[in-house]
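Undergrad: I'd like to ask some things about the structure below.
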Amino acid sequence: MTLRTIPFYKPEFSKEQRQLITQSIDEILESGRLMMGPWKDRFEAQFRDISGCSEAVSLNSATTALQIALEYFGAKGCDVLVPAGAFLTDVSSVVFAGGNPILVDIRADTLSFDFDDLEQKLTPRSKGIIWVHLTGQISSDHERLIAFARTHNLFVIEDAAHAHGASIDGKAAGSLGDVGVFSFYPTKIVTAGTGGMLTTCDGKLAEFARQMRMFGKDDKGEILHLGNDWFLDEIRACVGTHHTAELENQLARRRQIAGRYNDNFTSTCGFNVFNVPQGHLPAWYHYFVMLDDHVDRKLISKQLADEDGIATKPIYRPLHHEKVFCHLDDGSLKQTEQVLDRALCLPLYVGLSDDDVDYVSDRLVERIKSHA
């Protein structure tokens, strides 16, 4: 009989936050202004502060932000290098923008590009890079990656959907490349139900994004581009603003939970924890362990769910294992397959108690011992 049930994630809204959001939404409805209002301005100001960028543009999704950035940089007809360990929209957005996605292998120690494969995949058609901060970790190779991009005249789009508030060497996620992209999907650290944010220090890109989110119109109402109704409405901007106000507290708790998992796993067999690089403050969107080859991830996950009431998940499937992208498999993505096959993500959310963390830790260790 299951003693408790621990979900994989649960968005955290305090009672005070819920009351403020309810009151604010009532004021929005009373005002009659449901789009392009003061809550949009407040939300964008928060992400200018969080990212350290001069510009932040709210949008209806992170995928839209990716597509707008790709169109701005002229990805149509060009190759864009994307990690094979990423979310599906990192590839689909390239396709939507008329580009050619090229999958690059990733490394287990950085969760980011394998530079040997990155260099081999570079061609005269290469236009840019989508760099993913997978699970909220920023690669320790960040300086090398930016230098590589500058040497080869490649744009860099940061997919920071997992990395709200993460930083490395004092530099915030969303400010390391040419443009950052954040998501407010229900599972994200900051959520508005859905939505996205584009951050940049490129004023022309920001203006292009503002035009694209309103059907491609300029301030005079003239259609300059083929845009869409890609704006973030005031109700979601309001929810996102209130949730973002608690970001530092949320990050502090997520880091405490990750630290407690690490402490619980100091002397275990059958898996390893991720080695966070010096100077890095992860967002800890996911906490994951890397299982040894002899441990069956699917079986462990099923036992934890069925017998212990603990929900777990992999990070992602390798992109080239998705049916829609299987044609992108060139046989060179073996590290990605190994990393994503061995990674098991454990529950991590602000409302997770220390006792819950210890319970998850104990049950995971016991399950893995049974596979020895």
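How things are named: the first chain in the structure tokens is A, the next is B, and so on; residues count from 1 in each chain; ligands count from 1 in the order shown.
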Please identify the strand (DSSP E or B) residues within stretch 200-364 of chain A (assignment by DSSP from backbone atoms) and present them as number ranges by chain.
TA: A: 200, 214, 217, 223, 229, 233, 271-273, 280-281, 287-291, 310, 313, 343-346
Undergrad: Take the residues just selected and output them with C-alpha atoms as a PDB file, in the first residue's frame.
TA:
ATOM      1  CA  THR A 200      18.212  40.874 -25.888  1.00  0.00           C
ATOM      2  CA  MET A 214       1.072  42.340 -33.576  1.00  0.00           C
ATOM      3  CA  LYS A 217       2.559  46.229 -37.718  1.00  0.00           C
ATOM      4  CA  ILE A 223       2.141  46.019 -42.078  1.00  0.00           C
ATOM      5  CA  ASP A 229      -1.283  37.660 -33.032  1.00  0.00           C
ATOM      6  CA  ASP A 233      -2.548  38.942 -22.956  1.00  0.00           C
ATOM      7  CA  PHE A 271      24.134   6.191 -10.259  1.00  0.00           C
ATOM      8  CA  ASN A 272      25.910   9.555 -10.210  1.00  0.00           C
ATOM      9  CA  VAL A 273      24.776  13.124  -9.611  1.00  0.00           C
ATOM     10  CA  HIS A 280      27.372  28.333 -11.629  1.00  0.00           C
ATOM     11  CA  LEU A 281      24.028  28.989  -9.936  1.00  0.00           C
ATOM     12  CA  TYR A 287      17.122  17.402 -10.574  1.00  0.00           C
ATOM     13  CA  PHE A 288      18.388  14.281 -12.284  1.00  0.00           C
ATOM     14  CA  VAL A 289      20.714  11.364 -11.610  1.00  0.00           C
ATOM     15  CA  MET A 290      22.695   9.398 -14.194  1.00  0.00           C
ATOM     16  CA  LEU A 291      22.039   5.688 -13.784  1.00  0.00           C
ATOM     17  CA  ILE A 310       6.855   8.726  -6.564  1.00  0.00           C
ATOM     18  CA  LYS A 313      10.582  11.069 -15.758  1.00  0.00           C
ATOM     19  CA  ALA A 343      19.056  10.283 -16.921  1.00  0.00           C
ATOM     20  CA  LEU A 344      16.242   9.994 -14.394  1.00  0.00           C
ATOM     21  CA  CYS A 345      14.605  13.183 -13.097  1.00  0.00           C
ATOM     22  CA  LEU A 346      13.295  13.210  -9.538  1.00  0.00           C
TER      23      LEU A 346
END
Undergrad: Could you list, as a list in words, every residue within 6 Å of stretch 108-114 of chain A, counting only C-alpha atoms and ignoring same-chain residues fewer than 3 positions away?
TA: Asp105, Asp117, Ser139 and Val339 of chain A
Undergrad: Next, dump the selected residues to file, keeping only C-alpha atoms, as a JSON list (two decimals), in the first residue's frame.
TA:
[["chain", "number", "residue", "atom", "x", "y", "z"],
["A", 105, "ASP", "CA", 25.73, 15.48, -30.11],
["A", 117, "ASP", "CA", 30.79, 17.14, -33.36],
["A", 139, "SER", "CA", 27.36, 24.78, -19.73],
["A", 339, "VAL", "CA", 22.87, 10.61, -21.68]]
Undergrad: Can you tell me how far atom CA of A:Ile168 sits from atom CA of A:Ile138, in Å to one decimal?
TA: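 Atom-to-atom, atom CA of A:Ile168 to atom CA of A:Ile138, that is 6.7 Å.
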Undergrad: List the neighbours of A:Gly270 out to 12 Å using only C-alpha atoms; skip same-chain residues closer than 5 positions along the sequence, and give me the result as an MDAnalysis selection string.
TA: chainID A and resid 265 289:297 300 342 364:372
Undergrad: Name the residues in contact with stretch 29-44 of chain A at a cut-off of 8 Å, using only C-alpha atoms, excluding same-chain residues fewer than 2 positions from it; report them as JSON, numbers by chain.
TA: {"A": [25, 26, 27, 46, 47, 48, 56, 57, 58, 197, 231, 232, 233, 234, 235, 237, 238, 240, 241]}
Undergrad: Please write the residues from the selection above to a file, keeping N, CA and C atoms, as a PDB file, in the first residue's frame.
TA:
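Result file part-v6.pdb:
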ATOM      1  N   ILE A  25      -6.747  40.326 -11.517  1.00  0.00           N
ATOM      2  CA  ILE A  25      -7.513  39.925 -12.692  1.00  0.00           C
ATOM      3  C   ILE A  25      -8.876  40.614 -12.700  1.00  0.00           C
ATOM      4  N   ASP A  26      -9.475  40.748 -11.535  1.00  0.00           N
ATOM      5  CA  ASP A  26     -10.748  41.471 -11.450  1.00  0.00           C
ATOM      6  C   ASP A  26     -10.571  42.913 -11.928  1.00  0.00           C
ATOM      7  N   GLU A  27      -9.461  43.538 -11.553  1.00  0.00           N
ATOM      8  CA  GLU A  27      -9.187  44.912 -11.994  1.00  0.00           C
ATOM      9  C   GLU A  27      -8.958  44.964 -13.501  1.00  0.00           C
ATOM     10  N   GLN A  46      10.449  43.100 -15.348  1.00  0.00           N
ATOM     11  CA  GLN A  46      11.036  42.084 -14.473  1.00  0.00           C
ATOM     12  C   GLN A  46      12.108  41.280 -15.204  1.00  0.00           C
ATOM     13  N   PHE A  47      11.848  40.907 -16.455  1.00  0.00           N
ATOM     14  CA  PHE A  47      12.804  40.069 -17.177  1.00  0.00           C
ATOM     15  C   PHE A  47      13.977  40.870 -17.728  1.00  0.00           C
ATOM     16  N   ARG A  48      13.823  42.175 -17.869  1.00  0.00           N
ATOM     17  CA  ARG A  48      15.005  42.991 -18.142  1.00  0.00           C
ATOM     18  C   ARG A  48      15.937  42.944 -16.937  1.00  0.00           C
ATOM     19  N   ALA A  56      13.221  43.357 -23.261  1.00  0.00           N
ATOM     20  CA  ALA A  56      12.463  42.135 -23.022  1.00  0.00           C
ATOM     21  C   ALA A  56      11.111  42.293 -23.700  1.00  0.00           C
ATOM     22  N   VAL A  57      10.726  41.293 -24.476  1.00  0.00           N
ATOM     23  CA  VAL A  57       9.488  41.351 -25.248  1.00  0.00           C
ATOM     24  C   VAL A  57       8.648  40.124 -24.904  1.00  0.00           C
ATOM     25  N   SER A  58       7.468  40.342 -24.343  1.00  0.00           N
ATOM     26  CA  SER A  58       6.581  39.238 -23.987  1.00  0.00           C
ATOM     27  C   SER A  58       5.860  38.730 -25.230  1.00  0.00           C
ATOM     28  N   MET A 197       9.033  34.843 -23.344  1.00  0.00           N
ATOM     29  CA  MET A 197       9.717  36.131 -23.255  1.00  0.00           C
ATOM     30  C   MET A 197      10.999  36.062 -24.069  1.00  0.00           C
ATOM     31  N   PHE A 231       1.007  38.167 -29.220  1.00  0.00           N
ATOM     32  CA  PHE A 231       1.192  38.906 -27.979  1.00  0.00           C
ATOM     33  C   PHE A 231       0.775  38.053 -26.773  1.00  0.00           C
ATOM     34  N   LEU A 232       1.239  38.459 -25.601  1.00  0.00           N
ATOM     35  CA  LEU A 232       0.816  37.843 -24.344  1.00  0.00           C
ATOM     36  C   LEU A 232      -0.266  38.722 -23.724  1.00  0.00           C
ATOM     37  N   ASP A 233      -1.435  38.150 -23.468  1.00  0.00           N
ATOM     38  CA  ASP A 233      -2.548  38.942 -22.956  1.00  0.00           C
ATOM     39  C   ASP A 233      -2.302  39.394 -21.517  1.00  0.00           C
ATOM     40  N   GLU A 234      -3.086  40.366 -21.055  1.00  0.00           N
ATOM     41  CA  GLU A 234      -2.886  40.980 -19.753  1.00  0.00           C
ATOM     42  C   GLU A 234      -3.116  40.006 -18.587  1.00  0.00           C
ATOM     43  N   ILE A 235      -4.040  39.059 -18.749  1.00  0.00           N
ATOM     44  CA  ILE A 235      -4.304  38.130 -17.649  1.00  0.00           C
ATOM     45  C   ILE A 235      -3.105  37.227 -17.409  1.00  0.00           C
ATOM     46  N   ALA A 237      -0.015  37.870 -18.394  1.00  0.00           N
ATOM     47  CA  ALA A 237       1.073  38.742 -17.956  1.00  0.00           C
ATOM     48  C   ALA A 237       0.955  39.054 -16.466  1.00  0.00           C
ATOM     49  N   CYS A 238      -0.273  39.209 -16.004  1.00  0.00           N
ATOM     50  CA  CYS A 238      -0.517  39.459 -14.585  1.00  0.00           C
ATOM     51  C   CYS A 238      -0.088  38.258 -13.742  1.00  0.00           C
ATOM     52  N   GLY A 240       2.029  35.904 -14.566  1.00  0.00           N
ATOM     53  CA  GLY A 240       3.471  35.789 -14.661  1.00  0.00           C
ATOM     54  C   GLY A 240       4.203  36.818 -13.810  1.00  0.00           C
ATOM     55  N   THR A 241       3.683  38.023 -13.755  1.00  0.00           N
ATOM     56  CA  THR A 241       4.302  39.078 -12.954  1.00  0.00           C
ATOM     57  C   THR A 241       4.290  38.717 -11.474  1.00  0.00           C
TER      58      THR A 241
END
Undergrad: Each residue of stretch 20-111 of chain A with at least one atom at most 8 Å from stretch 143-164 of chain A should appear once, together with its nearest atom pair and the corresponding distance in Å (one decimal); atoms considered: only C-alpha atoms; ordering: chain, then increasing residue number; output as a Markdown table.
TA:
| residue | atom | partner | partner_atom | distance |
| --- | --- | --- | --- | --- |
| A:Ala62 | CA | A:Ala161 | CA | 7.3 |
| A:Leu66 | CA | A:Ile157 | CA | 7.7 |
| A:Ala69 | CA | A:Ile157 | CA | 7.6 |
| A:Phe73 | CA | A:Phe155 | CA | 7.2 |
| A:Asp90 | CA | A:Asp159 | CA | 7.9 |
Undergrad: Please write the residues from the selection above to a file, keeping N, CA and C atoms, as a short mmCIF file (atom, residue, chain, number, x, y, z; two decimals), in the first residue's frame.
TA:
data_model
loop_
_atom_site.label_atom_id
_atom_site.label_comp_id
_atom_site.auth_asym_id
_atom_site.auth_seq_id
_atom_site.Cartn_x
_atom_site.Cartn_y
_atom_site.Cartn_z
N ALA A 62 7.35 30.46 -25.95
CA ALA A 62 8.79 30.44 -26.22
C ALA A 62 9.05 30.02 -27.66
N LEU A 66 11.47 31.88 -30.37
CA LEU A 66 12.49 31.22 -31.19
C LEU A 66 12.30 31.53 -32.66
N ALA A 69 13.16 35.18 -33.55
CA ALA A 69 14.61 35.39 -33.56
C ALA A 69 15.24 34.78 -34.81
N PHE A 73 17.30 36.82 -37.80
CA PHE A 73 18.69 36.53 -38.17
C PHE A 73 18.83 35.94 -39.57
N ASP A 90 12.81 23.39 -30.45
CA ASP A 90 14.10 23.92 -30.88
C ASP A 90 14.40 23.52 -32.32
#
Undergrad: Please compute the atom CA of A:Lys76-atom CA of A:Val181 distance, one decimal, in Å.
TA: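 Computed distance, atom CA of A:Lys76 to atom CA of A:Val181, equals 19.3 Å.
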Undergrad: Write out as a list in words all residues of stretch 75-143 of chain A that backbone DSSP assigns to alpha helix (DSSP H).
TA: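 Written out, the alpha helix (DSSP H) residues of stretch 75-143 of chain A are Thr89, Asp90, Val91, Ser92, Ser93, Val94, Val95, Phe96, Phe115, Asp116, Asp117, Leu118, Glu119, Gln120, Lys121, His142 and Glu143 of chain A.
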Undergrad: Could you write those residues out with N, CA and C atoms, as a PDB file, in the first residue's frame?
TA:
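Generated file (part_36.pdb):
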ATOM      1  N   THR A  89      10.585  21.873 -29.997  1.00  0.00           N
ATOM      2  CA  THR A  89      10.388  23.157 -30.664  1.00  0.00           C
ATOM      3  C   THR A  89      11.701  23.844 -31.019  1.00  0.00           C
ATOM      4  N   ASP A  90      12.810  23.390 -30.451  1.00  0.00           N
ATOM      5  CA  ASP A  90      14.101  23.920 -30.884  1.00  0.00           C
ATOM      6  C   ASP A  90      14.396  23.521 -32.322  1.00  0.00           C
ATOM      7  N   VAL A  91      13.809  22.419 -32.756  1.00  0.00           N
ATOM      8  CA  VAL A  91      13.931  21.999 -34.152  1.00  0.00           C
ATOM      9  C   VAL A  91      12.767  22.524 -34.981  1.00  0.00           C
ATOM     10  N   SER A  92      11.549  22.384 -34.484  1.00  0.00           N
ATOM     11  CA  SER A  92      10.384  22.799 -35.282  1.00  0.00           C
ATOM     12  C   SER A  92      10.407  24.288 -35.585  1.00  0.00           C
ATOM     13  N   SER A  93      10.924  25.107 -34.661  1.00  0.00           N
ATOM     14  CA  SER A  93      10.984  26.545 -34.920  1.00  0.00           C
ATOM     15  C   SER A  93      11.923  26.864 -36.070  1.00  0.00           C
ATOM     16  N   VAL A  94      12.990  26.089 -36.204  1.00  0.00           N
ATOM     17  CA  VAL A  94      13.896  26.269 -37.341  1.00  0.00           C
ATOM     18  C   VAL A  94      13.172  25.939 -38.638  1.00  0.00           C
ATOM     19  N   VAL A  95      12.401  24.855 -38.607  1.00  0.00           N
ATOM     20  CA  VAL A  95      11.627  24.470 -39.785  1.00  0.00           C
ATOM     21  C   VAL A  95      10.590  25.538 -40.122  1.00  0.00           C
ATOM     22  N   PHE A  96       9.893  26.043 -39.103  1.00  0.00           N
ATOM     23  CA  PHE A  96       8.887  27.087 -39.318  1.00  0.00           C
ATOM     24  C   PHE A  96       9.517  28.326 -39.962  1.00  0.00           C
ATOM     25  N   PHE A 115      32.003  19.600 -28.718  1.00  0.00           N
ATOM     26  CA  PHE A 115      32.625  20.533 -29.651  1.00  0.00           C
ATOM     27  C   PHE A 115      33.231  19.848 -30.868  1.00  0.00           C
ATOM     28  N   ASP A 116      33.689  18.608 -30.712  1.00  0.00           N
ATOM     29  CA  ASP A 116      34.205  17.889 -31.887  1.00  0.00           C
ATOM     30  C   ASP A 116      33.095  17.715 -32.922  1.00  0.00           C
ATOM     31  N   ASP A 117      31.906  17.318 -32.445  1.00  0.00           N
ATOM     32  CA  ASP A 117      30.789  17.136 -33.364  1.00  0.00           C
ATOM     33  C   ASP A 117      30.300  18.478 -33.899  1.00  0.00           C
ATOM     34  N   LEU A 118      30.297  19.501 -33.045  1.00  0.00           N
ATOM     35  CA  LEU A 118      29.874  20.842 -33.470  1.00  0.00           C
ATOM     36  C   LEU A 118      30.748  21.337 -34.621  1.00  0.00           C
ATOM     37  N   GLU A 119      32.045  21.161 -34.486  1.00  0.00           N
ATOM     38  CA  GLU A 119      32.960  21.618 -35.534  1.00  0.00           C
ATOM     39  C   GLU A 119      32.784  20.819 -36.815  1.00  0.00           C
ATOM     40  N   GLN A 120      32.535  19.513 -36.660  1.00  0.00           N
ATOM     41  CA  GLN A 120      32.344  18.673 -37.852  1.00  0.00           C
ATOM     42  C   GLN A 120      31.056  19.014 -38.594  1.00  0.00           C
ATOM     43  N   LYS A 121      30.043  19.493 -37.862  1.00  0.00           N
ATOM     44  CA  LYS A 121      28.761  19.797 -38.490  1.00  0.00           C
ATOM     45  C   LYS A 121      28.730  21.200 -39.104  1.00  0.00           C
ATOM     46  N   HIS A 142      30.656  27.746 -21.724  1.00  0.00           N
ATOM     47  CA  HIS A 142      29.927  28.872 -22.305  1.00  0.00           C
ATOM     48  C   HIS A 142      30.848  29.854 -23.028  1.00  0.00           C
ATOM     49  N   GLU A 143      32.016  30.130 -22.476  1.00  0.00           N
ATOM     50  CA  GLU A 143      32.930  31.071 -23.130  1.00  0.00           C
ATOM     51  C   GLU A 143      33.458  30.493 -24.435  1.00  0.00           C
TER      52      GLU A 143
END
Undergrad: Which residues are near A:Thr135? Cut-off 8 Å, only C-alpha atoms, ignore same chain within fewer than 2 positions. Put them as a list of chain:residue names.
TA: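 Here the answer would be A:His133, A:Gln137, A:His162, A:Ala163, A:Ala283, A:Trp284, A:Tyr285, A:His286, A:Tyr287, A:Ile315.
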Undergrad: Quick one, how far is atom CA of A:Thr63 from atom CA of A:Glu222?
TA: 25.1 Å
